[in-house]
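> Okay, so here is structure_32.csv, and as you'll see once you scroll down, it has CSV, C-alpha atoms.
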chain,number,residue,atom,x,y,z
A,30,MET,CA,26.8,1.8,-0.8
A,31,SER,CA,27.0,5.1,0.9
A,32,THR,CA,23.6,6.6,2.0
A,33,GLU,CA,25.0,10.1,2.1
A,34,ILE,CA,22.8,12.3,0.0
A,35,ARG,CA,24.6,14.1,-2.8
A,36,SER,CA,23.6,17.5,-4.2
A,37,ASP,CA,23.2,16.4,-7.8
A,38,ASN,CA,20.4,14.4,-9.4
A,39,PRO,CA,21.3,13.5,-13.0
A,40,CYS,CA,18.3,12.3,-15.1
A,41,PHE,CA,17.6,10.8,-18.5
A,42,VAL,CA,14.9,13.2,-19.8
A,43,LEU,CA,12.8,12.9,-22.9
A,44,HIS,CA,12.2,16.3,-24.6
A,45,GLY,CA,10.5,15.0,-27.8
A,46,VAL,CA,10.6,12.2,-30.4
A,47,HIS,CA,14.1,10.9,-30.7
A,48,ASP,CA,15.3,13.7,-28.3
A,49,ALA,CA,16.5,12.3,-24.9
A,50,ARG,CA,19.1,14.2,-22.9
A,51,PHE,CA,21.0,13.9,-19.7
A,52,GLU,CA,20.3,16.8,-17.4
A,53,GLU,CA,20.2,17.8,-13.8
A,54,ARG,CA,17.1,18.1,-11.8
A,55,PRO,CA,16.7,19.0,-8.1
A,56,VAL,CA,16.9,16.3,-5.4
A,57,PRO,CA,13.2,15.7,-4.5
A,58,GLU,CA,12.0,17.3,-1.2
A,59,LEU,CA,10.0,14.9,1.1
A,60,GLU,CA,6.6,15.5,2.6
A,61,GLY,CA,4.5,13.3,4.8
A,62,ASP,CA,5.2,9.6,4.4
A,63,GLU,CA,7.4,10.0,1.4
A,64,VAL,CA,10.8,8.2,1.2
A,65,LEU,CA,13.8,9.2,-0.8
A,66,VAL,CA,15.5,6.3,-2.7
A,67,ALA,CA,18.9,6.3,-4.4
A,68,VAL,CA,18.0,4.3,-7.6
A,69,GLN,CA,20.5,1.6,-8.3
A,70,LYS,CA,19.1,-0.5,-11.1
A,71,THR,CA,16.5,0.3,-13.8
A,72,GLY,CA,15.1,-2.0,-16.5
A,73,ILE,CA,14.0,-0.7,-19.9
A,74,CYS,CA,10.4,-1.3,-20.8
A,75,GLY,CA,8.8,-1.3,-24.2
A,76,SER,CA,6.7,1.7,-23.2
A,77,ASP,CA,9.9,3.7,-22.5
A,78,VAL,CA,11.1,3.0,-26.0
A,79,HIS,CA,7.7,3.8,-27.5
A,80,TYR,CA,7.7,7.2,-25.8
A,81,LEU,CA,11.2,7.9,-27.2
A,82,HIS,CA,10.3,7.0,-30.7
A,83,HIS,CA,6.7,8.2,-30.9
A,84,GLY,CA,6.2,10.7,-28.1
A,85,ALA,CA,2.9,9.2,-27.0
A,86,ILE,CA,1.1,6.0,-26.1
A,87,GLY,CA,-2.6,6.4,-26.9
A,88,SER,CA,-3.9,9.4,-25.0
A,89,PHE,CA,-0.7,9.7,-22.9
A,90,VAL,CA,1.2,12.4,-24.8
A,91,VAL,CA,4.5,13.8,-23.8
A,92,ARG,CA,4.0,17.6,-23.8
A,93,ASP,CA,6.7,18.6,-21.2
A,94,PRO,CA,10.2,17.2,-20.7
A,95,MET,CA,9.8,13.8,-18.9
A,96,CYS,CA,12.3,11.7,-17.1
A,97,LEU,CA,12.1,8.1,-18.4
A,98,GLY,CA,12.2,4.8,-16.5
A,99,HIS,CA,9.8,3.0,-14.1
A,100,GLU,CA,11.3,-0.5,-13.5
A,101,SER,CA,13.6,0.2,-10.6
A,102,ALA,CA,15.2,-0.8,-7.3
A,103,GLY,CA,17.4,1.1,-5.0
A,104,VAL,CA,18.4,2.0,-1.4
A,105,VAL,CA,16.5,4.2,1.1
A,106,VAL,CA,18.5,7.3,1.9
A,107,LYS,CA,16.0,9.5,3.7
A,108,LEU,CA,12.6,9.2,5.4
A,109,GLY,CA,9.9,11.8,5.3
A,110,PRO,CA,8.5,13.4,8.5
A,111,LYS,CA,5.7,10.8,8.7
A,112,ALA,CA,7.5,7.8,7.3
A,113,ALA,CA,9.1,6.7,10.6
A,114,GLY,CA,6.4,4.2,11.3
A,115,SER,CA,6.6,2.5,7.9
A,116,GLY,CA,9.2,-0.1,9.1
A,117,LEU,CA,11.7,1.2,6.5
A,118,LYS,CA,15.0,2.6,7.5
A,119,VAL,CA,18.0,4.3,5.8
A,120,GLY,CA,20.1,1.6,4.0
A,121,ASP,CA,17.2,-0.7,3.2
A,122,ARG,CA,17.2,-2.2,-0.3
A,123,VAL,CA,13.8,-1.8,-1.9
A,124,ALA,CA,11.8,-2.5,-5.1
A,125,LEU,CA,9.9,0.6,-6.3
A,126,GLU,CA,6.2,0.3,-7.3
A,127,PRO,CA,6.1,3.3,-9.6
A,128,GLY,CA,2.3,4.1,-9.6
A,129,MET,CA,0.6,6.1,-6.9
A,130,GLY,CA,-3.2,6.2,-6.7
A,131,CYS,CA,-5.1,9.2,-5.2
A,132,ARG,CA,-6.1,7.0,-2.2
A,133,THR,CA,-9.6,8.7,-2.1
A,134,CYS,CA,-11.5,7.6,-5.2
A,135,PRO,CA,-13.9,4.6,-5.2
A,136,GLN,CA,-11.4,2.4,-7.0
A,137,CYS,CA,-8.6,3.1,-4.5
A,138,LYS,CA,-10.9,2.6,-1.6
A,139,ALA,CA,-12.0,-0.7,-3.0
A,140,GLY,CA,-8.4,-1.9,-3.3
A,141,LEU,CA,-8.3,-1.5,-7.1
A,142,TYR,CA,-5.9,1.4,-7.1
A,143,GLU,CA,-4.4,0.3,-10.5
A,144,LEU,CA,-7.7,1.7,-11.9
A,145,CYS,CA,-7.5,5.0,-10.2
A,146,PRO,CA,-8.5,7.8,-12.6
A,147,ASN,CA,-6.0,10.1,-10.9
A,148,MET,CA,-3.0,7.7,-11.0
A,149,THR,CA,0.4,9.3,-10.9
A,150,PHE,CA,2.7,6.8,-12.7
A,151,ALA,CA,6.5,7.2,-13.3
A,152,ALA,CA,7.4,8.2,-16.9
A,153,THR,CA,3.8,8.5,-17.9
A,154,PRO,CA,2.4,11.8,-19.0
A,155,PRO,CA,1.3,14.2,-17.6
A,156,PHE,CA,3.7,13.2,-14.8
A,157,ILE,CA,7.2,14.4,-15.7
A,158,HIS,CA,9.2,12.3,-13.3
A,159,GLY,CA,10.7,8.9,-13.9
A,160,THR,CA,13.2,6.6,-12.2
A,161,LEU,CA,16.2,6.9,-14.6
A,162,CYS,CA,17.8,9.3,-12.2
A,163,ARG,CA,19.9,9.3,-9.0
A,164,TYR,CA,17.1,10.0,-6.6
A,165,TYR,CA,13.3,9.3,-6.7
A,166,LYS,CA,10.7,9.6,-4.0
A,167,LEU,CA,7.6,7.5,-3.3
A,168,PRO,CA,5.2,7.0,-0.4
A,169,ALA,CA,6.6,4.4,2.0
A,170,ASP,CA,3.8,1.9,1.2
A,171,LEU,CA,5.0,1.7,-2.4
A,172,LEU,CA,8.5,0.5,-1.4
A,173,TYR,CA,9.0,-3.2,-0.8
A,174,LEU,CA,11.9,-4.5,1.2
A,175,LEU,CA,14.1,-7.0,-0.7
A,176,PRO,CA,15.1,-10.1,1.2
A,177,ALA,CA,18.9,-10.7,1.5
A,178,SER,CA,18.7,-13.4,-1.2
A,179,VAL,CA,17.1,-11.1,-3.8
A,180,SER,CA,19.5,-8.8,-5.7
A,181,LEU,CA,18.9,-5.2,-6.6
A,182,GLU,CA,18.8,-6.3,-10.3
A,183,ASP,CA,16.1,-8.8,-9.4
A,184,GLY,CA,14.4,-5.9,-7.5
A,185,ALA,CA,14.2,-3.9,-10.7
A,186,MET,CA,12.6,-6.8,-12.4
A,187,MET,CA,9.8,-6.9,-9.8
A,188,GLU,CA,7.8,-4.4,-11.8
A,189,PRO,CA,7.3,-6.6,-14.9
A,190,LEU,CA,7.1,-9.7,-12.8
A,191,ALA,CA,4.2,-8.0,-10.8
A,192,VAL,CA,2.5,-7.5,-14.2
A,193,ALA,CA,2.6,-11.2,-14.8
A,194,VAL,CA,1.5,-12.0,-11.2
A,195,HIS,CA,-1.5,-9.7,-11.6
A,196,ALA,CA,-2.6,-11.4,-14.8
A,197,LEU,CA,-1.9,-15.1,-13.7
A,198,SER,CA,-2.6,-15.1,-10.0
A,199,THR,CA,-4.9,-12.1,-9.2
A,200,LEU,CA,-7.1,-12.2,-12.3
A,201,ALA,CA,-6.9,-15.7,-13.9
A,202,ASN,CA,-6.5,-17.4,-10.5
A,203,VAL,CA,-4.2,-20.1,-12.0
A,204,ARG,CA,-4.0,-23.2,-9.9
A,205,THR,CA,-2.0,-26.3,-9.8
A,206,ASP,CA,-2.5,-29.0,-12.5
A,207,GLN,CA,-4.0,-26.5,-15.0
A,208,THR,CA,-3.0,-26.0,-18.6
A,209,VAL,CA,-2.0,-22.5,-19.6
A,210,VAL,CA,-1.1,-21.1,-23.0
A,211,VAL,CA,0.8,-17.8,-23.4
A,212,PHE,CA,0.9,-16.0,-26.7
A,213,GLY,CA,4.1,-13.9,-27.1
A,214,ALA,CA,7.5,-14.9,-25.8
A,215,GLY,CA,8.9,-11.4,-25.1
A,216,PRO,CA,9.8,-10.3,-21.6
A,217,VAL,CA,6.3,-10.1,-20.2
A,218,GLY,CA,5.2,-13.3,-22.0
A,219,LEU,CA,8.2,-15.1,-20.5
A,220,LEU,CA,7.4,-13.8,-17.0
A,221,CYS,CA,3.8,-15.0,-17.5
A,222,MET,CA,5.1,-18.5,-18.3
A,223,ALA,CA,7.4,-18.4,-15.2
A,224,VAL,CA,4.5,-17.4,-12.9
A,225,ALA,CA,2.2,-20.1,-14.4
A,226,LYS,CA,4.9,-22.7,-13.7
A,227,ALA,CA,5.5,-21.3,-10.2
A,228,LEU,CA,1.8,-21.5,-9.4
A,229,GLY,CA,1.8,-25.2,-10.4
A,230,ALA,CA,0.5,-25.3,-13.9
A,231,ARG,CA,0.7,-28.8,-15.4
A,232,ARG,CA,1.5,-27.5,-18.9
A,233,VAL,CA,2.7,-24.1,-20.0
A,234,ILE,CA,2.5,-23.7,-23.8
A,235,ALA,CA,4.4,-20.9,-25.4
A,236,VAL,CA,3.3,-19.5,-28.8
A,237,ASP,CA,5.3,-17.2,-30.9
A,238,ILE,CA,6.4,-16.7,-34.5
A,239,GLN,CA,10.1,-16.6,-33.8
A,240,LYS,CA,11.8,-20.0,-33.3
A,241,GLU,CA,14.7,-18.5,-31.3
A,242,ARG,CA,12.3,-17.0,-28.7
A,243,LEU,CA,10.5,-20.3,-28.4
A,244,GLU,CA,13.8,-22.1,-27.8
A,245,PHE,CA,14.6,-19.8,-25.0
A,246,ALA,CA,11.1,-20.1,-23.6
A,247,LYS,CA,11.3,-23.9,-23.6
A,248,GLY,CA,14.6,-23.8,-21.6
A,249,TYR,CA,13.2,-21.2,-19.2
A,250,ALA,CA,9.6,-22.0,-18.2
A,251,ALA,CA,7.5,-23.5,-21.0
A,252,THR,CA,6.7,-27.2,-21.2
A,253,ASP,CA,5.7,-27.0,-24.9
A,254,THR,CA,6.1,-24.6,-27.8
A,255,PHE,CA,4.2,-23.8,-31.0
A,256,ILE,CA,4.7,-21.7,-34.1
A,257,PRO,CA,1.4,-20.8,-35.7
A,258,PRO,CA,0.9,-22.0,-39.3
A,259,PRO,CA,1.2,-19.6,-42.2
A,260,ASN,CA,-1.9,-18.1,-43.7
A,261,ASN,CA,-3.5,-19.8,-46.6
A,262,GLN,CA,-4.2,-17.7,-49.7
A,263,GLY,CA,-7.5,-15.9,-49.4
A,264,GLU,CA,-8.1,-17.2,-45.9
A,265,SER,CA,-10.0,-14.8,-43.6
A,266,LYS,CA,-8.6,-13.9,-40.2
A,267,ALA,CA,-11.6,-15.6,-38.6
A,268,ASP,CA,-11.0,-18.8,-40.4
A,269,TYR,CA,-7.2,-18.6,-39.8
A,270,THR,CA,-7.6,-18.2,-36.0
A,271,GLU,CA,-9.9,-21.3,-35.9
A,272,ARG,CA,-7.5,-23.4,-38.0
A,273,SER,CA,-4.5,-22.2,-36.0
A,274,ALA,CA,-6.2,-23.3,-32.7
A,275,GLU,CA,-7.0,-26.7,-34.3
A,276,THR,CA,-3.4,-27.1,-35.5
A,277,LEU,CA,-2.0,-26.4,-32.0
A,278,ARG,CA,-4.4,-28.9,-30.4
A,279,ASP,CA,-3.5,-31.6,-32.9
A,280,ALA,CA,0.3,-30.9,-32.7
A,281,LEU,CA,0.4,-30.9,-28.9
A,282,ASP,CA,-2.4,-33.4,-28.2
A,283,VAL,CA,-4.5,-30.8,-26.3
A,284,PRO,CA,-8.1,-31.8,-25.8
A,285,LEU,CA,-10.9,-29.3,-26.3
A,286,ARG,CA,-12.5,-30.2,-23.0
A,287,GLY,CA,-11.8,-32.3,-19.9
A,288,ARG,CA,-8.5,-32.9,-18.2
A,289,GLY,CA,-5.6,-31.3,-20.0
A,290,ALA,CA,-7.8,-28.8,-21.9
A,291,ILE,CA,-6.6,-25.2,-21.9
A,292,ASP,CA,-7.9,-23.6,-18.7
A,293,VAL,CA,-6.2,-20.2,-19.1
A,294,ALA,CA,-5.1,-18.3,-22.2
A,295,ILE,CA,-2.8,-15.3,-21.8
A,296,ASP,CA,-2.2,-12.9,-24.7
A,297,ALA,CA,1.0,-10.9,-24.2
A,298,SER,CA,1.3,-10.0,-27.9
A,299,GLY,CA,-1.6,-7.7,-28.6
A,300,ALA,CA,-1.9,-9.2,-32.1
A,301,PRO,CA,-5.6,-9.7,-33.1
A,302,VAL,CA,-5.0,-13.2,-34.6
A,303,CYS,CA,-3.5,-14.3,-31.3
A,304,ILE,CA,-6.5,-12.9,-29.4
A,305,GLY,CA,-8.8,-14.8,-31.7
A,306,THR,CA,-6.9,-18.0,-31.4
A,307,CYS,CA,-7.0,-17.8,-27.6
A,308,ILE,CA,-10.8,-17.8,-27.8
A,309,HIS,CA,-10.9,-20.9,-30.0
A,310,LEU,CA,-8.3,-22.7,-27.8
A,311,LEU,CA,-10.0,-22.2,-24.4
A,312,LYS,CA,-12.1,-25.0,-22.9
A,313,PRO,CA,-15.7,-24.2,-22.0
A,314,GLY,CA,-15.7,-22.0,-18.9
A,315,GLY,CA,-12.1,-21.1,-19.5
A,316,THR,CA,-10.4,-17.7,-18.8
A,317,MET,CA,-8.6,-15.4,-21.1
A,318,VAL,CA,-6.5,-12.5,-19.8
A,319,GLN,CA,-5.4,-9.7,-22.2
A,320,VAL,CA,-2.0,-8.4,-21.1
A,321,GLY,CA,-0.4,-7.2,-24.4
A,322,MET,CA,-1.5,-3.8,-25.8
A,323,GLY,CA,-2.4,-3.9,-29.5
A,324,PRO,CA,-5.0,-2.2,-31.7
A,325,ALA,CA,-7.7,-0.3,-29.9
A,326,VAL,CA,-10.5,-2.3,-31.6
A,327,VAL,CA,-10.2,-6.1,-32.2
A,328,PRO,CA,-12.9,-8.3,-33.8
A,329,ILE,CA,-13.5,-11.5,-31.9
A,330,SER,CA,-15.9,-14.5,-32.1
A,331,MET,CA,-18.5,-13.5,-29.7
A,332,PHE,CA,-20.4,-16.6,-30.6
A,333,HIS,CA,-17.6,-18.7,-29.0
A,334,VAL,CA,-17.4,-16.4,-26.0
A,335,ILE,CA,-21.1,-16.9,-25.3
A,336,THR,CA,-21.5,-20.5,-26.1
A,337,LYS,CA,-18.4,-21.6,-24.2
A,338,GLN,CA,-19.2,-19.1,-21.4
A,339,LEU,CA,-15.7,-17.7,-21.4
A,340,ARG,CA,-14.3,-15.1,-19.0
A,341,LEU,CA,-12.5,-12.4,-20.9
A,342,LEU,CA,-10.4,-10.0,-18.7
A,343,GLY,CA,-8.2,-7.1,-19.3
A,344,SER,CA,-5.1,-6.8,-17.2
A,345,PHE,CA,-3.7,-3.3,-16.4
A,346,ARG,CA,-0.4,-3.1,-14.6
A,347,TYR,CA,-0.7,-4.5,-11.0
A,348,GLY,CA,-2.5,-4.0,-7.8
A,349,GLN,CA,-2.9,-5.0,-4.2
A,350,GLY,CA,-0.7,-7.9,-3.2
A,351,ASP,CA,1.1,-8.4,-6.5
A,352,TYR,CA,4.5,-7.0,-5.6
A,353,PRO,CA,4.7,-9.0,-2.3
A,354,LEU,CA,3.9,-12.2,-4.2
A,355,ALA,CA,6.4,-11.4,-6.9
A,356,ILE,CA,9.1,-10.9,-4.4
A,357,SER,CA,8.1,-14.1,-2.6
A,358,LEU,CA,8.3,-16.2,-5.7
A,359,VAL,CA,11.8,-15.0,-6.4
A,360,GLU,CA,12.9,-15.3,-2.8
A,361,ARG,CA,11.7,-19.0,-2.7
A,362,GLY,CA,13.4,-19.8,-6.0
A,363,LEU,CA,10.1,-20.4,-7.8
A,364,VAL,CA,10.9,-17.8,-10.4
A,365,ASP,CA,14.5,-17.1,-11.7
A,366,LEU,CA,14.8,-13.7,-13.1
A,367,GLY,CA,18.6,-13.9,-13.9
A,368,PRO,CA,18.3,-15.6,-17.4
A,369,LEU,CA,16.1,-12.7,-18.6
A,370,VAL,CA,18.7,-10.0,-18.1
A,371,THR,CA,20.8,-10.2,-21.2
A,372,HIS,CA,22.4,-6.7,-21.3
A,373,ARG,CA,23.7,-4.4,-18.7
A,374,TYR,CA,24.6,-0.7,-19.3
A,375,LYS,CA,26.1,2.2,-17.4
A,376,PHE,CA,23.9,5.2,-16.9
A,377,GLU,CA,25.7,7.2,-19.6
A,378,GLN,CA,24.9,4.4,-22.0
A,379,ALA,CA,21.2,4.8,-21.6
A,380,LEU,CA,20.5,5.7,-25.2
A,381,GLU,CA,22.3,2.5,-26.3
A,382,ALA,CA,20.2,0.5,-23.9
A,383,PHE,CA,17.1,1.9,-25.5
A,384,GLU,CA,18.2,1.1,-29.0
A,385,THR,CA,19.1,-2.4,-28.0
A,386,THR,CA,15.7,-2.9,-26.5
A,387,ARG,CA,14.0,-1.4,-29.6
A,388,ALA,CA,16.0,-3.6,-32.0
A,389,GLY,CA,15.7,-6.7,-29.9
A,390,LYS,CA,19.4,-7.3,-30.3
A,391,ASP,CA,22.6,-5.4,-29.7
A,392,LYS,CA,25.0,-4.0,-32.3
A,393,ASP,CA,26.8,-7.4,-32.3
A,394,GLY,CA,23.6,-9.2,-33.0
A,395,LYS,CA,23.2,-10.8,-29.6
A,396,PRO,CA,19.4,-11.2,-28.9
A,397,ALA,CA,18.1,-8.9,-26.1
A,398,ILE,CA,15.4,-9.8,-23.6
A,399,LYS,CA,15.9,-7.3,-20.8
A,400,CYS,CA,18.4,-4.4,-20.5
A,401,ILE,CA,19.3,-3.1,-17.1
A,402,ILE,CA,20.9,0.4,-16.5
A,403,ASP,CA,23.1,1.1,-13.5
A,404,ALA,CA,22.8,4.2,-11.3
A,405,PRO,CA,24.7,7.4,-12.2
A,406,LEU,CA,28.3,7.5,-10.9
Do you think you could lay out the structure here as structure tokens?


Amino acid sequence: MSTEIRSDNPCFVLHGVHDARFEERPVPELEGDEVLVAVQKTGICGSDVHYLHHGAIGSFVVRDPMCLGHESAGVVVKLGPKAAGSGLKVGDRVALEPGMGCRTCPQCKAGLYELCPNMTFAATPPFIHGTLCRYYKLPADLLYLLPASVSLEDGAMMEPLAVAVHALSTLANVRTDQTVVVFGAGPVGLLCMAVAKALGARRVIAVDIQKERLEFAKGYAATDTFIPPPNNQGESKADYTERSAETLRDALDVPLRGRGAIDVAIDASGAPVCIGTCIHLLKPGGTMVQVGMGPAVVPISMFHVITKQLRLLGSFRYGQGDYPLAISLVERGLVDLGPLVTHRYKFEQALEAFETTRAGKDKDGKPAIKCIIDAPL
């Protein structure tokens, strides 16, 4: 593609609930080590859709017009005055890590920049810029060179893949020969399964309430699948989660302890019953990582957490080393992102891409996993 910088910068901008518009914004001016990227591919995340339909996620409330999009890859078109030593050059294909820490707080200095209280993150209020545009700028160290064998479409998928890498590798420390269960077979859940498999897990068990999702998961990265049983009349949630865990172990011949027991449980659903079932499933000393966002307050069996000495961890976005490992897994063929991209749209079809993502299927009924939007013409 041409690296000549054009004068226009069309953006897909959210003005309010169900009010997104195409409009022009200035081409970003560069300072310091910033780099200007011509965005080529952008994936649609559930958070983008949530902002469109609700105008907020928790305390992140859209108060000013905000460009949407944060899962992107593109081509470097200009380097800032202090970016020359970054190793990047005009024409490089890069994946964009869309969150910038302040670089000075205790969390940033400790290498935990994902927990920076002053994080500036694309398409997240109060920041008004996102990557569904022609041009986007980032500091050079948040741009990751894509190997020749990794496509720009794959590059856009590095953002959700890095979420999975953070949960499975950085936090859970998944190792070869372990057994991993993943609740939720949506895009992030599927990527968690793929990363578990790539890291050498013996068994990757996918749990979901939709048969079609589990069929895809089994063909993609899961070794086993499980549909939780229905509730019994009058059954409490606490009793249900324990029974559901026992049913899974019986159905899939999973021991409670010893070799083959569940070492790591990942919840990518946010559903309270899934979280509770994870705790019952884990072997003593096992690790649970909460990836999916659900209700703010969830009751859990603290008795089992204590008596099994479980590790319960929250996973927030991604951090140091997660993008490079994500790219490496794809480059080496250990994770295949291609099957997850089910729909592709032109920039002017962005609203249709959002609706397909929200509905989980297109207007013809084809199931959707990940929608990718092309650059503006």

> With all atoms listed in the file as the basis for distance, which of A:Leu339, A:Ala404, A:Leu197, A:Val78 is at the shortest distance from Gly389 in chain A?

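For Gly389 in chain A, the nearest of the candidates is A:Val78.
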
> For Ala397 in chain A, please output as a ChimeraX atom specification all residues within 12 Å (counting all atoms listed in the file; exclusion window: fewer than 3 positions along the same chain).

/A:73,215-216,241-242,245,368-373,382-394,400-401

> Which of these, A:Arg361, A:Lys312, A:Arg272, A:Arg204, has the shortest distance to Leu228 in chain A once you count all atoms listed in the file?

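Residue with the minimum atom-to-atom distance to Leu228 in chain A: A:Arg204.
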
> Take CA of Thr208 in chain A and CA of Thr316 in chain A and report the distance between them in Å, one decimal.

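For CA of Thr208 in chain A relative to CA of Thr316 in chain A, the distance reads 11.1 Å.
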